[in-house]
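Asker: Pasting work14.txt below, which is compact mmCIF, C-alpha atoms and all ligand atoms.
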# COMPACT_ATOMS: atom_id res chain seq x y z
CA MET A 245 129.49 75.01 70.47
CA GLN A 246 130.95 72.92 73.30
CA ARG A 247 132.85 75.92 74.61
CA THR A 248 129.66 77.94 74.72
CA PHE A 249 128.01 75.09 76.61
CA HIS A 250 130.83 75.01 79.17
CA PHE A 251 130.74 78.75 79.50
CA CYS A 252 127.00 78.55 80.22
CA LEU A 253 127.60 75.85 82.83
CA LEU A 254 130.25 77.98 84.46
CA LEU A 255 127.96 80.97 84.48
CA ALA A 256 125.14 78.93 86.01
CA GLY A 257 127.57 77.64 88.66
CA LEU A 258 128.71 81.14 89.49
CA LEU A 259 125.12 82.32 89.72
CA LEU A 260 124.25 79.44 92.04
CA ALA A 261 127.25 80.18 94.22
CA ALA A 262 126.24 83.83 94.38
CA THR A 263 122.64 82.94 95.31
CA GLY A 264 123.90 80.46 97.90
CA SER A 265 126.02 83.02 99.68
CA LEU A 266 123.16 85.45 99.34
CA SER A 267 120.68 83.30 101.23
CA ALA A 268 123.32 82.50 103.86
CA GLN A 269 123.73 86.24 104.34
CA SER A 270 119.98 86.88 104.52
CA THR A 271 119.43 84.45 107.39
CA THR A 272 121.90 86.23 109.62
CA LEU A 273 120.77 89.70 108.53
CA ALA A 274 117.42 90.57 110.07
CA ALA A 275 117.21 87.21 111.86
CA THR A 276 114.38 88.85 113.83
CA PRO A 277 112.25 91.74 112.53
CA PRO A 278 114.37 94.94 112.42
CA MET A 279 113.78 97.44 115.24
CA GLY A 280 114.69 101.10 115.19
CA TRP A 281 113.41 104.50 114.11
CA ASN A 282 112.67 106.14 110.77
CA SER A 283 112.38 109.87 110.11
CA TRP A 284 109.40 109.90 107.72
CA ASN A 285 106.23 109.59 109.82
CA HIS A 286 107.07 112.59 111.98
CA PHE A 287 109.63 114.75 110.13
CA ALA A 288 108.81 113.86 106.50
CA GLY A 289 110.67 116.21 104.11
CA GLN A 290 111.88 118.53 106.92
CA VAL A 291 114.33 116.07 108.49
CA THR A 292 117.87 117.35 109.15
CA ASP A 293 121.19 116.00 110.39
CA ALA A 294 120.42 117.53 113.82
CA ASP A 295 117.05 115.72 114.01
CA VAL A 296 118.71 112.40 113.24
CA ARG A 297 121.43 112.95 115.86
CA ALA A 298 118.76 113.93 118.40
CA ALA A 299 116.86 110.74 117.57
CA ALA A 300 120.03 108.68 118.11
CA ASP A 301 120.68 110.43 121.45
CA ALA A 302 117.09 109.91 122.58
CA MET A 303 117.17 106.28 121.54
CA VAL A 304 119.98 105.76 124.03
CA SER A 305 118.79 108.03 126.87
CA SER A 306 115.17 106.79 126.79
CA GLY A 307 116.25 103.15 127.05
CA MET A 308 114.98 102.30 123.58
CA ARG A 309 118.35 101.04 122.41
CA ASP A 310 118.58 98.69 125.36
CA ALA A 311 115.02 97.53 124.65
CA GLY A 312 116.18 96.46 121.16
CA TYR A 313 115.67 99.49 118.88
CA VAL A 314 118.94 99.88 116.95
CA TYR A 315 118.41 101.21 113.42
CA VAL A 316 118.40 104.99 112.93
CA ASN A 317 116.97 105.37 109.44
CA ILE A 318 116.88 108.53 107.37
CA ASP A 319 114.01 108.40 104.91
CA ASP A 320 113.56 110.50 101.77
CA THR A 321 115.00 114.05 101.26
CA TRP A 322 118.65 113.61 102.32
CA GLU A 323 119.77 113.38 98.67
CA GLY A 324 121.72 116.09 96.86
CA GLN A 325 123.27 116.15 93.39
CA ARG A 326 125.62 113.76 91.61
CA ASP A 327 129.13 114.95 90.84
CA ALA A 328 130.80 114.80 87.40
CA LYS A 329 131.74 111.16 88.01
CA GLY A 330 128.19 110.27 88.97
CA PHE A 331 128.71 109.90 92.73
CA ILE A 332 125.74 110.93 94.87
CA HIS A 333 126.16 113.61 97.55
CA SER A 334 123.85 114.62 100.36
CA ASN A 335 122.08 118.01 100.33
CA SER A 336 122.67 120.96 102.67
CA LYS A 337 120.41 119.47 105.39
CA PHE A 338 123.01 116.68 105.76
CA PRO A 339 126.49 118.21 105.60
CA ASP A 340 128.49 115.01 106.15
CA MET A 341 126.95 111.56 105.87
CA LYS A 342 130.10 109.68 106.92
CA ALA A 343 130.33 111.78 110.08
CA LEU A 344 126.63 111.19 110.78
CA GLY A 345 127.10 107.45 110.34
CA ASP A 346 130.08 107.53 112.70
CA TYR A 347 128.02 109.44 115.27
CA ILE A 348 125.20 106.88 115.10
CA HIS A 349 127.66 103.98 115.37
CA SER A 350 129.41 105.62 118.33
CA ARG A 351 126.07 105.40 120.18
CA GLY A 352 125.97 101.64 119.61
CA LEU A 353 123.32 102.05 116.91
CA LYS A 354 123.05 101.25 113.21
CA PHE A 355 122.63 103.62 110.28
CA GLY A 356 119.87 103.41 107.67
CA ILE A 357 119.30 105.33 104.47
CA TYR A 358 116.73 105.59 101.65
CA SER A 359 116.72 105.56 97.85
CA SER A 360 114.67 104.52 94.83
CA PRO A 361 115.36 102.28 91.81
CA GLY A 362 113.85 105.11 89.73
CA PRO A 363 115.58 108.29 88.57
CA GLN A 364 113.71 110.21 91.29
CA THR A 365 112.48 109.36 94.79
CA CYS A 366 108.87 109.90 95.80
CA ALA A 367 109.74 113.36 97.13
CA ARG A 368 111.48 114.04 93.76
CA TYR A 369 115.06 113.84 94.98
CA GLU A 370 117.80 111.97 93.14
CA GLY A 371 117.19 108.19 92.84
CA SER A 372 119.63 105.37 92.07
CA TYR A 373 118.54 104.52 88.50
CA GLY A 374 121.64 103.66 86.45
CA HIS A 375 123.91 104.24 89.47
CA GLU A 376 123.12 101.18 91.58
CA ASP A 377 126.68 99.86 92.04
CA GLN A 378 128.05 103.31 92.62
CA ASP A 379 125.39 104.18 95.19
CA ALA A 380 125.75 100.92 97.08
CA ALA A 381 129.51 101.52 97.26
CA THR A 382 128.94 105.07 98.50
CA TYR A 383 126.49 103.90 101.18
CA ALA A 384 128.98 101.25 102.32
CA SER A 385 131.71 103.89 102.55
CA TRP A 386 129.41 105.96 104.80
CA GLY A 387 128.86 102.94 107.04
CA VAL A 388 125.24 102.33 106.04
CA ASP A 389 123.63 99.21 107.57
CA TYR A 390 120.09 99.41 106.14
CA LEU A 391 118.63 100.58 102.84
CA LYS A 392 114.94 101.31 102.24
CA TYR A 393 114.47 101.10 98.48
CA ASP A 394 111.25 102.76 97.39
CA LEU A 395 109.76 102.13 93.92
CA CYS A 396 108.52 105.71 93.26
CA SER A 397 109.39 106.89 89.72
CA TYR A 398 110.55 103.44 88.67
CA GLY A 399 106.81 102.84 88.14
CA ASN A 400 107.04 105.09 85.04
CA ILE A 401 109.96 103.08 83.67
CA MET A 402 107.98 99.89 84.17
CA LYS A 403 105.06 101.44 82.27
CA ASP A 404 107.19 102.74 79.40
CA GLU A 405 109.41 99.70 78.92
CA SER A 406 106.66 97.08 79.25
CA HIS A 407 104.32 98.79 76.74
CA GLY A 408 101.46 98.02 79.08
CA ASP A 409 102.22 94.30 79.53
CA PRO A 410 101.86 93.71 83.31
CA LYS A 411 103.99 90.54 83.19
CA ILE A 412 106.93 92.46 81.71
CA ALA A 413 106.34 95.35 84.12
CA ASN A 414 106.48 93.01 87.10
CA ALA A 415 109.62 91.29 85.80
CA LEU A 416 111.27 94.71 85.46
CA MET A 417 110.32 95.51 89.05
CA GLN A 418 111.88 92.28 90.32
CA GLN A 419 115.04 92.94 88.32
CA ALA A 420 115.35 96.43 89.77
CA TYR A 421 115.33 95.11 93.34
CA GLU A 422 117.65 92.24 92.53
CA LYS A 423 120.05 94.68 90.88
CA MET A 424 120.40 96.72 94.06
CA HIS A 425 120.65 93.55 96.11
CA ARG A 426 123.59 92.39 93.99
CA ALA A 427 125.17 95.83 94.18
CA ILE A 428 124.96 95.61 97.98
CA LEU A 429 126.53 92.14 97.97
CA LYS A 430 129.44 93.47 95.92
CA THR A 431 130.26 95.99 98.66
CA GLY A 432 130.86 93.13 101.10
CA ARG A 433 129.04 95.09 103.80
CA PRO A 434 125.97 93.51 105.44
CA ILE A 435 123.16 95.94 104.57
CA VAL A 436 119.52 95.08 105.28
CA LEU A 437 117.43 95.55 102.13
CA SER A 438 113.98 96.94 102.88
CA MET A 439 111.77 96.76 99.79
CA CYS A 440 109.07 99.39 99.48
CA GLN A 441 106.72 98.90 96.53
CA TYR A 442 103.45 98.93 98.47
CA GLY A 443 102.81 95.16 98.14
CA TRP A 444 102.43 95.20 94.35
CA ASP A 445 102.35 91.87 92.53
CA GLU A 446 102.16 89.83 95.76
CA VAL A 447 105.71 90.81 96.68
CA TRP A 448 105.68 88.34 99.61
CA LYS A 449 105.93 85.54 97.03
CA TRP A 450 109.13 86.82 95.39
CA GLY A 451 110.66 89.29 97.87
CA PRO A 452 113.15 86.78 99.36
CA LYS A 453 114.21 85.59 95.90
CA VAL A 454 115.40 89.05 94.89
CA GLY A 455 117.22 89.57 98.19
CA GLY A 456 114.66 91.50 100.25
CA ASN A 457 114.96 91.19 104.03
CA LEU A 458 111.58 92.84 104.41
CA TRP A 459 108.95 94.17 102.05
CA ARG A 460 106.10 96.57 102.52
CA THR A 461 102.79 94.78 102.09
CA THR A 462 100.64 97.90 101.73
CA ASP A 463 100.46 101.55 100.86
CA ASP A 464 101.41 104.14 103.49
CA ILE A 465 100.19 104.05 107.07
CA LYS A 466 98.62 107.18 108.60
CA ASP A 467 98.35 108.28 112.19
CA ASN A 468 94.68 107.36 112.60
CA TYR A 469 92.83 104.26 113.77
CA ALA A 470 90.95 103.72 110.51
CA ARG A 471 94.10 103.45 108.38
CA MET A 472 96.27 101.67 110.96
CA SER A 473 93.60 99.03 111.63
CA GLN A 474 92.80 98.60 107.93
CA ILE A 475 96.47 97.81 107.30
CA GLY A 476 97.06 95.73 110.44
CA PHE A 477 93.98 93.52 110.29
CA GLY A 478 94.41 93.30 106.51
CA GLN A 479 97.55 91.19 106.98
CA ALA A 480 95.55 87.99 107.52
CA GLY A 481 96.89 85.11 105.46
CA LEU A 482 100.43 86.42 104.93
CA ALA A 483 102.06 84.57 107.85
CA LYS A 484 103.46 81.75 105.76
CA TYR A 485 105.66 84.09 103.73
CA ALA A 486 107.63 85.49 106.69
CA GLY A 487 110.55 84.03 108.59
CA PRO A 488 114.07 84.82 109.80
CA GLY A 489 115.78 87.12 107.29
CA HIS A 490 112.59 87.88 105.34
CA TRP A 491 109.63 89.69 106.89
CA ASN A 492 106.31 91.17 105.86
CA ASP A 493 106.32 94.90 106.59
CA PRO A 494 102.93 96.54 107.25
CA ASP A 495 104.76 99.92 107.49
CA MET A 496 106.32 101.93 110.28
CA LEU A 497 104.85 102.74 113.67
CA GLU A 498 102.75 105.83 114.41
CA VAL A 499 102.85 105.34 118.20
CA GLY A 500 103.42 108.71 119.88
CA ASN A 501 102.46 110.88 116.91
CA GLY A 502 99.35 112.05 118.71
CA HIS A 503 96.28 111.17 116.68
CA MET A 504 95.32 107.86 118.26
CA SER A 505 94.21 107.05 121.81
CA ARG A 506 96.26 104.98 124.23
CA ASP A 507 94.11 101.92 123.47
CA GLU A 508 94.48 102.44 119.72
CA TYR A 509 98.29 102.68 119.98
CA ARG A 510 98.28 99.54 122.16
CA THR A 511 96.31 97.82 119.40
CA HIS A 512 98.87 99.06 116.84
CA MET A 513 101.84 97.77 118.86
CA SER A 514 100.17 94.45 119.81
CA LEU A 515 99.11 93.70 116.27
CA TRP A 516 102.55 94.54 114.85
CA ALA A 517 104.16 92.22 117.45
CA ILE A 518 101.77 89.36 116.57
CA LEU A 519 102.56 90.03 112.88
CA ALA A 520 106.33 89.75 113.50
CA ALA A 521 106.48 93.18 111.87
CA PRO A 522 109.53 95.43 111.85
CA LEU A 523 109.20 97.86 114.77
CA LEU A 524 110.38 101.19 113.38
CA ALA A 525 109.21 103.99 115.63
CA GLY A 526 108.05 106.98 113.61
CA ASN A 527 107.63 109.63 116.29
CA ASP A 528 109.84 112.42 117.64
CA LEU A 529 111.95 110.45 120.11
CA SER A 530 113.18 113.58 121.88
CA GLN A 531 109.59 114.50 122.87
CA MET A 532 108.09 111.28 124.21
CA THR A 533 105.43 111.13 126.93
CA GLN A 534 105.61 108.38 129.54
CA GLU A 535 102.59 106.76 127.86
CA THR A 536 104.42 106.58 124.52
CA LYS A 537 107.54 105.13 126.18
CA ASP A 538 105.43 102.55 128.01
CA ILE A 539 103.90 101.40 124.73
CA LEU A 540 107.09 101.37 122.65
CA MET A 541 109.22 99.78 125.35
CA ASN A 542 106.91 97.17 126.85
CA LYS A 543 109.33 94.27 127.21
CA ASP A 544 106.70 91.53 126.92
CA VAL A 545 105.35 92.96 123.65
CA ILE A 546 108.85 93.34 122.20
CA ALA A 547 109.60 89.75 123.23
CA ILE A 548 106.60 88.59 121.19
CA ASP A 549 107.73 90.59 118.15
CA GLN A 550 111.31 89.32 118.43
CA ASP A 551 110.43 85.73 119.36
CA ALA A 552 113.14 83.24 118.39
CA LEU A 553 110.77 80.88 116.59
CA GLY A 554 110.37 83.57 113.91
CA LYS A 555 106.80 82.60 112.99
CA GLN A 556 104.34 85.33 112.09
CA GLY A 557 100.90 85.16 113.73
CA ASP A 558 97.53 85.19 112.00
CA ARG A 559 93.83 85.67 112.55
CA LEU A 560 92.17 82.82 114.45
CA SER A 561 88.62 84.16 114.23
CA ALA A 562 86.53 87.20 113.39
CA GLU A 563 82.98 87.78 114.56
CA GLY A 564 81.66 91.22 113.76
CA PRO A 565 83.91 93.72 115.50
CA GLN A 566 85.81 91.12 117.55
CA GLU A 567 88.91 89.44 116.21
CA ILE A 568 91.22 86.94 117.90
CA TRP A 569 94.76 86.67 116.57
CA THR A 570 97.39 84.18 117.74
CA ARG A 571 101.11 83.78 117.21
CA PRO A 572 103.07 80.60 118.05
CA LEU A 573 106.14 81.37 120.16
CA ALA A 574 109.25 79.45 121.15
CA ASN A 575 108.92 76.70 123.79
CA GLY A 576 105.26 76.04 123.06
CA ALA A 577 104.10 79.48 124.21
CA MET A 578 101.54 81.54 122.32
CA ALA A 579 100.61 85.20 121.99
CA VAL A 580 96.88 85.83 121.88
CA GLY A 581 95.33 89.18 120.99
CA LEU A 582 91.65 89.82 121.75
CA PHE A 583 90.84 92.84 119.60
CA ASN A 584 87.75 95.03 119.67
CA ARG A 585 87.41 96.93 116.39
CA GLY A 586 84.06 98.39 117.43
CA ASP A 587 83.13 101.77 118.88
CA PHE A 588 81.86 100.40 122.22
CA PRO A 589 83.47 98.19 124.89
CA LEU A 590 83.00 94.46 124.28
CA THR A 591 83.21 91.24 126.25
CA ILE A 592 85.34 88.75 124.33
CA THR A 593 85.72 85.06 125.21
CA PHE A 594 88.71 83.04 124.08
CA HIS A 595 88.17 79.25 124.06
CA PHE A 596 91.54 77.53 124.45
CA LYS A 597 90.65 74.55 122.29
CA ASP A 598 90.01 76.87 119.31
CA ALA A 599 93.75 77.59 119.31
CA GLY A 600 94.72 73.97 119.88
CA LEU A 601 95.64 74.67 123.50
CA PRO A 602 95.06 72.24 126.40
CA SER A 603 92.21 72.95 128.84
CA THR A 604 94.54 74.34 131.51
CA ILE A 605 96.94 77.15 130.67
CA HIS A 606 98.92 79.87 132.38
CA ALA A 607 98.60 83.37 130.98
CA ARG A 608 99.91 86.86 131.47
CA ASP A 609 97.84 89.93 130.60
CA ILE A 610 100.63 92.00 129.10
CA TRP A 611 99.20 95.53 129.11
CA ALA A 612 97.74 95.03 132.60
CA GLY A 613 101.16 93.70 133.62
CA LYS A 614 99.73 90.82 135.65
CA ASP A 615 99.86 87.05 135.71
CA LEU A 616 96.44 85.48 135.57
CA GLY A 617 97.39 82.12 137.11
CA PRO A 618 96.04 78.80 135.84
CA LEU A 619 92.98 79.23 133.64
CA HIS A 620 90.58 76.51 132.56
CA ASP A 621 88.89 76.06 129.16
CA SER A 622 88.32 79.72 128.35
CA TYR A 623 89.10 83.29 129.32
CA THR A 624 86.69 86.21 129.13
CA ALA A 625 87.90 89.80 129.05
CA GLU A 626 86.42 93.27 128.80
CA VAL A 627 88.06 94.95 125.81
CA PRO A 628 87.75 98.73 125.36
CA GLN A 629 86.67 100.26 122.04
CA HIS A 630 89.45 99.99 119.42
CA GLY A 631 91.47 98.25 122.14
CA VAL A 632 93.11 94.93 122.85
CA VAL A 633 93.76 92.44 125.61
CA LEU A 634 97.10 90.85 124.80
CA LEU A 635 97.96 87.57 126.49
CA ARG A 636 101.09 85.49 126.61
CA VAL A 637 99.96 81.93 127.15
CA GLN A 638 101.96 78.93 128.35
CA PRO A 639 100.29 75.52 128.26
C1 LIG B 1 106.56 106.62 100.14
C2 LIG B 1 106.84 105.59 101.19
C3 LIG B 1 106.94 106.29 102.52
C4 LIG B 1 108.05 107.33 102.45
C5 LIG B 1 107.82 108.29 101.28
C6 LIG B 1 109.00 109.22 101.09
O1 LIG B 1 106.48 106.01 98.89
O2 LIG B 1 105.83 104.62 101.21
O3 LIG B 1 107.18 105.36 103.55
O4 LIG B 1 109.28 106.67 102.31
O5 LIG B 1 107.60 107.59 100.08
O6 LIG B 1 108.88 110.02 99.96
I need this file expressed as structure tokens, please.
Ligand code: GAL

Answerer:
Amino acid sequence: MQRTFHFCLLLAGLLLAATGSLSAQSTTLAATPPMGWNSWNHFAGQVTDADVRAAADAMVSSGMRDAGYVYVNIDDTWEGQRDAKGFIHSNSKFPDMKALGDYIHSRGLKFGIYSSPGPQTCARYEGSYGHEDQDAATYASWGVDYLKYDLCSYGNIMKDESHGDPKIANALMQQAYEKMHRAILKTGRPIVLSMCQYGWDEVWKWGPKVGGNLWRTTDDIKDNYARMSQIGFGQAGLAKYAGPGHWNDPDMLEVGNGHMSRDEYRTHMSLWAILAAPLLAGNDLSQMTQETKDILMNKDVIAIDQDALGKQGDRLSAEGPQEIWTRPLANGAMAVGLFNRGDFPLTITFHFKDAGLPSTIHARDIWAGKDLGPLHDSYTAEVPQHGVVLLRVQP
């Protein structure tokens, strides 16, 4: 009896120690929202080794790497078969994952990969179910630095094993993510864990506990204003759950994919920066227009996203089609987005006291690229349809 008790104490101690080292690791990993590129939004199931190498090359030559974009992430459809011992191999589109990882690292970039806790991924390739430790070890041996772990067919396992009890289903989902997190820890390699389960069961409340460095808060983004703005503006209220090492993820960027206007992509980028969202470009980096580069690489916008204070912004007010969002920044600064969700240009007035600011402030209009000098009490701007005026304010 006493021996069992001591054994339990020991086990609890070990668990605590493991969780302690785990949270220490999470604060250094993804200390600011991850920045990089992911293959899905543009290449989807067609992505090849050559596309990923071209993305890595373009990330360097375009200046994106130096602007802070470092992760080169392959999404779904790289997976091949398991061998007799159960080890996963890539398919013919990706002849040598270790060599690809080395190539990415040689460019001063980091390597990301994708899997599912289910037996199959969403595109019906091999998932990690029952092979978590083995897969984590394989990824580490390839030099992987980032894993996007997408629920997909694990949803069926949750349904079957919970017999329709949502509490049990949700517990199974948490266990599945924690299992991969622990498998990653065992490899000893720092690998960012990106949880993708579309925001089910208020994931922001338990994502950090199971080892997530970021978690999708919604279903998939699409390259149109309606979907992007529905997701982006729908993030109101989630700010308190984000911080260094654990971020809300409203999905990857669509900037440069061609179906939004310049103002709409500026809204996308501004909102994601205010939301302290991961900035994972989702376009073809080897085919970027100057306009796309100017949006993705605007230094002032990136500085807001990556701000050292690590506090996500939130909605300050909404009046019909106009919304004002603010984000507190290091050294008392503040990002302020004046958004026009309507179909006609609007005049929007920002009253400093509404955001707790003093009556005199200094501000920079980021997209216009100009300092506005000292302003008193309020600032009024013309905001184009679906557009934004993004300010960096210093009291
Ligand atoms: C979805 C996921 C997308 C992409 C896709 C790949 O579930 O939300 O971002 O990863 O699967 O099949």

Asker: Could you please extract the residues within 8 Å of ligand LIG 1 (chain B), counting only C-alpha atoms and all ligand atoms, and hand them back as a VMD selection string?

Answerer: chain A and resid 284 to 285 288 to 289 319 to 321 358 365 to 368 392 394 to 396 440 to 442 463 to 465 495 to 496

Asker: Measuring atom to atom with only C-alpha atoms, identify which of A:Ala486, A:Met504, A:Leu616, A:Val447 is nearest to Asn468 in chain A.

Answerer: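 Ranking A:Ala486, A:Met504, A:Leu616, A:Val447 by distance to Asn468 in chain A, first place goes to A:Met504.
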
Asker: What's around Gly387 in chain A at 12 Å? Count all atoms listed in the file, leave out sequence neighbours fewer than 5 positions away in its own chain, and write the answer as a list in words.

Answerer: Met341, Lys342, Ala343, Leu344, Gly345, Asp346, Tyr347, Ile348, His349, Ser350, Leu353, Lys354, Phe355, Gly356, Ile357, Ala380, Ala381, Thr382, Thr431, Gly432, Arg433, Pro434 and Ile435 of chain A

Asker: To one decimal place in Å, what is the distance between CA of Asp507 in chain A and CA of Gly526 in chain A?

Answerer: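 CA of Gly526 in chain A lies at a distance of 17.8 Å from CA of Asp507 in chain A.
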
Asker: Do a neighbour search on Asp587 in chain A at 12 Å with only C-alpha atoms, toss out local chain neighbours closer than 3 positions, and write the hits as an MDAnalysis selection string.

Answerer: chainID A and resid 469:470 507:508 564:566 583:584 590 627:631

Asker: Would you mind exporting the chosen residues as a compact mmCIF listing (two decimals), in the coordinates of the input, restricted to C-alpha atoms?

Answerer:
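The resulting part-v7.txt:
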# COMPACT_ATOMS: atom_id res chain seq x y z
CA TYR A 469 92.83 104.26 113.77
CA ALA A 470 90.95 103.72 110.51
CA ASP A 507 94.11 101.92 123.47
CA GLU A 508 94.48 102.44 119.72
CA GLY A 564 81.66 91.22 113.76
CA PRO A 565 83.91 93.72 115.50
CA GLN A 566 85.81 91.12 117.55
CA PHE A 583 90.84 92.84 119.60
CA ASN A 584 87.75 95.03 119.67
CA LEU A 590 83.00 94.46 124.28
CA VAL A 627 88.06 94.95 125.81
CA PRO A 628 87.75 98.73 125.36
CA GLN A 629 86.67 100.26 122.04
CA HIS A 630 89.45 99.99 119.42
CA GLY A 631 91.47 98.25 122.14

Asker: Can you measure CA of Ile546 in chain A to CA of Val291 in chain A for me? One decimal in Å is fine.

Answerer: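 Spanning CA of Ile546 in chain A to CA of Val291 in chain A is a straight-line distance of 27.1 Å.
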
Asker: Can you tell me, as a PDB file with C-alpha atoms, in the frame of the given file, which residues sit within 10 Å of (109.1, 108.6, 119.1) in the file's frame, using only C-alpha atoms?

Answerer:
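Written file, result_27.pdb:
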ATOM      1  CA  TRP A 281     113.410 104.500 114.110  1.00  0.00           C
ATOM      2  CA  ASN A 282     112.670 106.140 110.770  1.00  0.00           C
ATOM      3  CA  SER A 283     112.380 109.870 110.110  1.00  0.00           C
ATOM      4  CA  ASN A 285     106.230 109.590 109.820  1.00  0.00           C
ATOM      5  CA  HIS A 286     107.070 112.590 111.980  1.00  0.00           C
ATOM      6  CA  ALA A 299     116.860 110.740 117.570  1.00  0.00           C
ATOM      7  CA  ALA A 302     117.090 109.910 122.580  1.00  0.00           C
ATOM      8  CA  MET A 303     117.170 106.280 121.540  1.00  0.00           C
ATOM      9  CA  SER A 306     115.170 106.790 126.790  1.00  0.00           C
ATOM     10  CA  MET A 308     114.980 102.300 123.580  1.00  0.00           C
ATOM     11  CA  LEU A 497     104.850 102.740 113.670  1.00  0.00           C
ATOM     12  CA  GLU A 498     102.750 105.830 114.410  1.00  0.00           C
ATOM     13  CA  VAL A 499     102.850 105.340 118.200  1.00  0.00           C
ATOM     14  CA  GLY A 500     103.420 108.710 119.880  1.00  0.00           C
ATOM     15  CA  ASN A 501     102.460 110.880 116.910  1.00  0.00           C
ATOM     16  CA  LEU A 524     110.380 101.190 113.380  1.00  0.00           C
ATOM     17  CA  ALA A 525     109.210 103.990 115.630  1.00  0.00           C
ATOM     18  CA  GLY A 526     108.050 106.980 113.610  1.00  0.00           C
ATOM     19  CA  ASN A 527     107.630 109.630 116.290  1.00  0.00           C
ATOM     20  CA  ASP A 528     109.840 112.420 117.640  1.00  0.00           C
ATOM     21  CA  LEU A 529     111.950 110.450 120.110  1.00  0.00           C
ATOM     22  CA  SER A 530     113.180 113.580 121.880  1.00  0.00           C
ATOM     23  CA  GLN A 531     109.590 114.500 122.870  1.00  0.00           C
ATOM     24  CA  MET A 532     108.090 111.280 124.210  1.00  0.00           C
ATOM     25  CA  THR A 533     105.430 111.130 126.930  1.00  0.00           C
ATOM     26  CA  THR A 536     104.420 106.580 124.520  1.00  0.00           C
ATOM     27  CA  LYS A 537     107.540 105.130 126.180  1.00  0.00           C
ATOM     28  CA  LEU A 540     107.090 101.370 122.650  1.00  0.00           C
TER      29      LEU A 540
END

Asker: Quick one: contact table of range 452-489 of chain A to range 571-580 of chain A, 12 Å max, nearest atom pair and distance in Å to one decimal per residue, counting all atoms listed in the file, chain and number order, as JSON lines?

Answerer:
{"residue": "A:Ala480", "atom": "CA", "partner": "A:Arg571", "partner_atom": "CA", "distance": 11.9}
{"residue": "A:Ala483", "atom": "CA", "partner": "A:Arg571", "partner_atom": "CA", "distance": 9.4}
{"residue": "A:Lys484", "atom": "CA", "partner": "A:Arg571", "partner_atom": "CA", "distance": 11.9}

Asker: Selected residues, C-alpha atoms, written as an mmCIF file, keeping the file's coordinate frame, please.

Answerer:
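New file out-v2.cif:
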data_model
loop_
_atom_site.group_PDB
_atom_site.id
_atom_site.type_symbol
_atom_site.label_atom_id
_atom_site.label_comp_id
_atom_site.auth_asym_id
_atom_site.auth_seq_id
_atom_site.Cartn_x
_atom_site.Cartn_y
_atom_site.Cartn_z
ATOM 1 C CA ALA A 480 95.550 87.990 107.520
ATOM 2 C CA ALA A 483 102.060 84.570 107.850
ATOM 3 C CA LYS A 484 103.460 81.750 105.760
#

Asker: How many Å lie between CA of Tyr509 in chain A and CA of Val314 in chain A, rounded to one decimal?

Answerer: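 Taking CA of Tyr509 in chain A and CA of Val314 in chain A, their separation equals 21.1 Å.
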
Asker: What's the 10 Å shell around Asp551 in chain A, counting only C-alpha atoms, without same-chain residues fewer than 2 positions away, as a list in words?

Answerer: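 Close residues of Asp551 in chain A: Thr276, Pro277, Ala517, Ile518, Ala520, Val545, Ile546, Ala547, Ile548, Asp549, Leu553, Gly554, Lys555, Gln556, Arg571, Pro572, Leu573 and Ala574 of chain A.
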
Asker: Which residue gives the smallest distance to Arg636 in chain A among A:Lys423, A:Arg608, A:Lys411, A:Lys329, with all atoms listed in the file counted?

Answerer: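 Counting all atoms listed in the file, the residue closest to Arg636 in chain A is A:Arg608.
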
Asker: Could you tell me, as a list in words, which residues have any atom at most 8 Å from (110.6, 104.6, 85.7), counting all atoms listed in the file?

Answerer: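 With a cut-off of 8 Å, the residues come to Gly362, Pro363, Cys396, Ser397, Tyr398, Gly399, Asn400, Ile401, Met402, Lys403 and Asp404 of chain A.
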